[in-house]
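Undergrad: Would you mind keeping the following structure in view while I ask a few things?
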Amino acid sequence: MGEQVKIDNLAAVVNEIVQDTQITDVHTHLYDPQFGDLLLWGFEELVTYHYLIAETMRVVELPYEKYWQLSKTEQAKLIWETLFLQNSPYSEACRGVLTTLKRLGLDVAARDFEGYRKFFATQELDEYVKHVFDIANLKCVVMTNDPFDDQERKVWLEQVVPGKIVPDPSFRAALRLDILLNSWESTWQLLKEWGYEVTVELDDISIKEVQRFLKDWIEIMDPVYMAVSLPYDFRFPEASSRSKLIEACILPVSLETDVPFAPMVGVRRRINPALQDAGDGVGKMDIGAIEYLCANFPKNKFLVTLLSRENQHELAVLARKFRNLMPFGCWWFLNNPSLIDEITRMRFELLGTSTILQHSDARILDQLIYKWDHSRRLISETLVDKYSDLMDTGWVLTKMEIRRDVEKLMGENLWDFLERKL
Ligand code: HDL
Ligand code: ZN
């Protein structure tokens, strides 16, 4: 039966296990350091994270275009002055910078902008990556890999394919398909340039050629899944190139290669274009599109995260109906303590252990430290409440069972889902 857990040390046992469990971070924007300056890291990148740009530009009078003309250091100083010194930095993105500094052993009370910059400047990147993974206790992270990004495509084709670099297994790939699916009317010409016999009309030959394009990149990247960020008004099926590409290309290739499709739905792209990456908003999607995919393609696997708080409840209910649907993460505007807490509790109550609780969405390497520090605390607190309710019924719980559950929730559910035969 294993060592039983008593109610009076439940919290300590759960917290120890949650801290000790290595995480698979199912969605990030990080890169294997061998990919060069595609990997963002260091104090100035941390402080100029687009979340902090949005929060700063709310309170300064500086015109947007003037902000973008500043140097990276000047941008960081403006954000530091505005959000950290002229206001208390308790927003989640501000707090995160400080948690990262603290976990790296720096003196947060010193408010020493120059000192923090110097610390990062003295780090040797490869050692530092290992240090960050150790602090955050990560098994691996999944990148976001866009074959339509010129700089990234060059690394894959000129360095990975010829074997000049062998990707580090701590950085797994995800084939990102926003450009293919959301702008086919222009993207088809790129595929044609690259030797795929496609036309904008997506005739039978084009369908086969897009399938070949997908399989070529799956061969190159060995992706964990194929992802796409879709707008809040995404519909499926519908009379559109995107719908045809998903049905005729993505889903058959996903089935053939057993590489799940990961629609990430709910963005309202660039509602304030002047803020660039910080200018996106959120919208509630019609969950019927995800329901149609799961119901009509029962052999396909879907990893799904949604951006609207309301949609996360609908997604959890949908996941109760379809074993080929694996919800993941508290994405973007949901990655805040109050909403992580609410969504995690709801998932425990509706899905038990059969979900992937969180991803970091880290764009900057050092963010792994705070995003996982904050999420682990919330996951631990929520689990203690759930196990306490369970023990209140007289159920006897062992440490081994808690470890089993936490390993599933923090990553094993992804790997099991990938292996599962539907
Ligand atoms: O589309 C995505 O993957 C989103 O996560 C966007 O990159 C977004 O800008 C972001 O960084 N969210 O955290
Ligand atoms: Zn993302």
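In the structure tokens, chains take letters A, B, ... by order of appearance, with residues numbered from 1 within each chain and ligands from 1 in the order shown.
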As JSON, numbers by chain, list the residues of region 64-166 of chain A assigned to alpha helix (DSSP H) by DSSP on the backbone atoms of this structure.
TA: {"A": [64, 65, 66, 67, 68, 69, 72, 73, 74, 75, 76, 77, 78, 79, 92, 93, 94, 95, 96, 97, 98, 99, 100, 101, 102, 103, 113, 114, 115, 116, 117, 118, 119, 120, 121, 125, 126, 127, 128, 129, 130, 131, 132, 133, 134, 135, 136, 150, 151, 152, 153, 154, 155]}
Undergrad: For region 226-239 of chain A, work out the shell of residues within 8 Å, counting only C-alpha atoms and skipping chain neighbours fewer than 6 positions away, then give it as a ChimeraX atom specification.
TA: /A:174-178,181-182,254,259-269,282-286,288-290,292-293
Undergrad: What residues of the protein or nucleic acid chains come within 8 Å of ligand 2 when you use only C-alpha atoms and all ligand atoms? Reply as a list of chain:residue names.
TA: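 After applying the 8 Å limit, what remains is A:His27, A:Thr28, A:His29, A:Thr144, A:Trp331, A:Trp332, A:Asp361, A:Ala362, A:Arg363.
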Undergrad: Those residues with C-alpha atoms, as a PDB file, in the first residue's frame please?
TA:
```pdb
ATOM      1  CA  HIS A  27       4.432  25.337 -24.796  1.00  0.00           C
ATOM      2  CA  THR A  28       7.170  27.971 -24.851  1.00  0.00           C
ATOM      3  CA  HIS A  29       8.798  30.412 -27.311  1.00  0.00           C
ATOM      4  CA  THR A 144       7.504  27.098 -31.049  1.00  0.00           C
ATOM      5  CA  TRP A 331      -2.667  30.509 -21.594  1.00  0.00           C
ATOM      6  CA  TRP A 332      -1.427  34.145 -21.794  1.00  0.00           C
ATOM      7  CA  ASP A 361       4.632  30.255 -22.579  1.00  0.00           C
ATOM      8  CA  ALA A 362       8.078  31.633 -21.704  1.00  0.00           C
ATOM      9  CA  ARG A 363       9.539  33.880 -24.386  1.00  0.00           C
TER      10      ARG A 363
END
```
Undergrad: Need to verify the contact set: region 379-384 of chain A, 8 Å, only C-alpha atoms, exclusion of same-chain residues closer than 6 positions in sequence. Can you return it as a list in words?
TA: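 Counting only C-alpha atoms, the residues come to Leu10, Ala11, Val14, Asn15, Val18, Asp341, Thr344 and Arg345 of chain A.
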Undergrad: Could you name the residues that touch Gln34 (chain A) at 9 Å or less, counting only C-alpha atoms, but leaving out those on the same chain fewer than 2 positions away, as JSON, numbers by chain?
TA: {"A": [31, 32, 36, 37, 39, 155, 165, 166, 167, 168]}
Undergrad: Can you spit out the residues from that selection as a compact mmCIF listing (two decimals), in the first residue's frame, using all heavy atoms?
TA:
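Okay, again11.txt is ready:
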```txt
# COMPACT_ATOMS: atom_id res chain seq x y z
N TYR A 31 14.25 28.72 -27.43
CA TYR A 31 15.00 27.97 -28.45
C TYR A 31 16.23 27.32 -27.80
O TYR A 31 16.83 27.89 -26.88
CB TYR A 31 15.48 28.91 -29.56
CG TYR A 31 14.35 29.47 -30.40
CD1 TYR A 31 13.71 30.64 -30.05
CD2 TYR A 31 13.91 28.77 -31.53
CE1 TYR A 31 12.66 31.13 -30.81
CE2 TYR A 31 12.85 29.27 -32.30
CZ TYR A 31 12.23 30.44 -31.93
OH TYR A 31 11.18 30.93 -32.68
N ASP A 32 16.58 26.17 -28.31
CA ASP A 32 17.86 25.54 -28.00
C ASP A 32 18.95 26.61 -28.24
O ASP A 32 18.96 27.25 -29.30
CB ASP A 32 18.01 24.35 -28.96
CG ASP A 32 19.32 23.62 -28.83
OD1 ASP A 32 20.32 24.23 -28.40
OD2 ASP A 32 19.34 22.43 -29.17
N GLY A 36 21.18 30.10 -31.68
CA GLY A 36 21.74 31.46 -31.70
C GLY A 36 20.86 32.48 -31.01
O GLY A 36 20.21 32.17 -30.00
N ASP A 37 20.79 33.69 -31.62
CA ASP A 37 20.11 34.78 -30.89
C ASP A 37 18.59 34.71 -31.01
O ASP A 37 17.88 35.62 -30.60
CB ASP A 37 20.64 36.15 -31.32
CG ASP A 37 20.45 36.38 -32.81
OD1 ASP A 37 19.72 35.58 -33.45
OD2 ASP A 37 21.04 37.33 -33.35
N LEU A 39 17.18 32.62 -29.18
CA LEU A 39 16.89 32.44 -27.75
C LEU A 39 17.10 33.78 -27.04
O LEU A 39 18.20 34.34 -27.06
CB LEU A 39 17.81 31.38 -27.13
CG LEU A 39 17.70 31.26 -25.60
CD1 LEU A 39 16.31 30.77 -25.17
CD2 LEU A 39 18.78 30.33 -25.05
N VAL A 155 18.33 28.01 -39.82
CA VAL A 155 19.01 27.14 -38.83
C VAL A 155 18.66 25.68 -39.08
O VAL A 155 19.52 24.81 -39.11
CB VAL A 155 18.60 27.53 -37.39
CG1 VAL A 155 19.21 26.56 -36.39
CG2 VAL A 155 19.04 28.97 -37.08
N ILE A 165 24.35 20.84 -36.27
CA ILE A 165 23.95 20.89 -34.85
C ILE A 165 22.93 19.78 -34.63
O ILE A 165 22.11 19.49 -35.49
CB ILE A 165 23.36 22.26 -34.40
CG1 ILE A 165 22.12 22.68 -35.18
CG2 ILE A 165 24.41 23.34 -34.42
CD1 ILE A 165 21.48 23.96 -34.59
N VAL A 166 23.06 19.14 -33.47
CA VAL A 166 22.10 18.13 -33.07
C VAL A 166 21.26 18.74 -31.95
O VAL A 166 21.81 19.07 -30.90
CB VAL A 166 22.81 16.85 -32.56
CG1 VAL A 166 21.78 15.80 -32.10
CG2 VAL A 166 23.72 16.30 -33.65
N PRO A 167 19.95 18.94 -32.19
CA PRO A 167 19.12 19.62 -31.18
C PRO A 167 19.22 18.93 -29.82
O PRO A 167 19.27 17.70 -29.73
CB PRO A 167 17.70 19.50 -31.75
CG PRO A 167 17.89 19.43 -33.23
CD PRO A 167 19.16 18.66 -33.41
N ASP A 168 19.31 19.74 -28.78
CA ASP A 168 19.37 19.27 -27.40
C ASP A 168 18.00 18.69 -27.01
O ASP A 168 16.98 19.36 -27.19
CB ASP A 168 19.70 20.48 -26.51
CG ASP A 168 19.69 20.14 -25.03
OD1 ASP A 168 19.06 19.13 -24.64
OD2 ASP A 168 20.32 20.89 -24.26
```
Undergrad: Please return as a PyMOL selection string: the residues of region 176-279 of chain A that backbone DSSP assigns to strand (DSSP E).
TA: chain A and resi 176+226-231+261-268
Undergrad: If we count only C-alpha atoms, what is near Phe348 (chain A) at a cut-off of 10 Å, once residues fewer than 4 positions away on the same chain are taken out, given as a PyMOL selection string?
TA: chain A and resi 316+343-344+352-355+357+382-383+386
Undergrad: Any idea what's packed within 10 Å of region 188-194 of chain A, counting only C-alpha atoms, ignoring anything in its chain fewer than 5 positions away? Could you give it as a list in words?
TA: Phe148, Ile179, Leu180, Ser183, Thr199, Val200, Glu201, Leu202, Ser206, Glu209, Val210 and Phe213 of chain A
Undergrad: Restricting the calculation to only C-alpha atoms: of A:Ile53, A:Leu85, A:Leu378, A:Val5, which residue gets closest to Ala110 (chain A)?
TA: A:Leu85
Undergrad: Using only C-alpha atoms for the distances, tell me which of A:Trp372, A:Arg58, A:Leu157, A:Gln4 is nearest to Met400 (chain A).
TA: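 Between A:Trp372, A:Arg58, A:Leu157, A:Gln4, the residue approaching Met400 (chain A) most closely is A:Gln4.
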Undergrad: To one decimal in Å, tell me the separation between CA of Trp415 (chain A) and atom 4 (C, counted along the ligand's line) of ligand 1.
TA: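 Taking CA of Trp415 (chain A) and atom 4 (C, counted along the ligand's line) of ligand 1, their separation equals 22.3 Å.
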Undergrad: Pick out the closest residue to Gln159 (chain A) from this set: A:Tyr90, A:Asp134, A:Thr73, A:Phe35. Count only C-alpha atoms.
TA: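 Distance minimum relative to Gln159 (chain A) lands on A:Phe35.
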